[in-house]
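Asks: Let me give you the structure first, and then I'll get to my questions.
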Amino acid sequence: MIQTQTPANIATGTPQTRSIRRKLLSGGLVLFILANAIYCLSYWPAAKIVWASVIHNRREHLVDCEHLPFFPQVQKAFSVHQDLTAKVLAINGVAGFEPEQLTCKIYDQGLEFIKGDVLLTYRSRAARAAAERLLGQNFFGIPYRGQPVK
């Protein structure tokens with residue numbers, strides 16, 4: 001016997017169609033939640049730091065340019081703490097540890113400020129880890145970035 005589809009029949013459906021509909025709905029919901037999570041995480045600073053550290057073997061501080069110290073303060077910290085600078089450079093695999101000058105504009109057509117941070121370059125994750133243990137979170141109040149050298 002051929003069964004005709006009535007509105008009540010379509011809404012309830014057979015157990016197989018309800019199961020398929022439920023799977024499609026739950027799969028779509030999972031994709032929606034996953035897409036939103038990826039979108040939200042891409043704008044979260046902590047996620048950017050983890051991405052840089054784990055995937056690219058870099059260290060980022062993500063401090064805004066206006067909150068960085070002025071470059072003469074960075075140079076002064078390097079001249080005062082030459083002993084720690086020498087210890088960092090003595091680590092096997094560290095290629096460089098030097099102040100970096102950045103030009104910042106607070107707004108378009110505004111004044112330019114010469115700010116600075118510290119750049120640590122290394123050849124391996126082990127060298128990076130050893131330098132981070134020695135330096136801690138910053139170099140005497142100056143944020144530092146780390147980049148691998150090939």
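Simple scheme: letters A, B, ... for chains in structure tokens order, numbers from 1 for residues in each chain, numbers from 1 for ligands in the order shown.
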Any idea what's packed within 12 Å of Ala131 in chain A, counting only C-alpha atoms, ignoring anything in its chain fewer than 6 positions away? Could you give it as a list in words?

Replies: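 Contacts, with the query itself left out: Arg59, Leu84, Thr85, Ala86, Lys87, Val88, Leu89, Ala90, Ile91, Asn92, Gly93, Val94, Ala95, Gly96, Phe97, Leu119, Leu120, Thr121, Tyr122, Arg123, Ser124, Arg125, Gln137, Asn138, Phe139, Tyr144, Arg145 and Gly146 of chain A.
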
Asks: As number ranges by chain, please: every residue in range 21-149 of chain A that DSSP puts in helix (DSSP H, G or I).

Replies: A: 21-42, 45-54, 65-67, 71-80, 82-90, 125-135

Asks: Closest to Lys105 in chain A among A:Val80, A:Ile33, A:Cys65, A:Ala127, using only C-alpha atoms?

Replies: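 Answer, going by the shortest atom-to-atom distance: A:Cys65.
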
Asks: Please provide the set of residues having any atom within 12 Å of Leu62 in chain A, restricted to only C-alpha atoms, with same-chain residues fewer than 6 positions apart removed, written as a VMD selection string.

Replies: chain A and resid 44 to 50 52 68 117 143 to 146

Asks: In terms of the shortest atom-to-atom distance over only C-alpha atoms, which of A:Asp108, A:Leu102, A:Asn57, A:Leu34 is closest to Ala126 in chain A?

Replies: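 Counting only C-alpha atoms, the residue closest to Ala126 in chain A is A:Asn57.
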
Asks: Rank A:Glu66, A:Lys150, A:His81, A:Phe140 by their smallest atom-to-atom distance to Tyr107 in chain A, using only C-alpha atoms, and report the top residue only.

Replies: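 Smallest distance to Tyr107 in chain A is found for A:Glu66.
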
Asks: I need the strand (DSSP E) residues of chain A per DSSP on the backbone, written as a VMD selection string.

Replies: chain A and resid 94 to 105 112 to 122 144 to 148
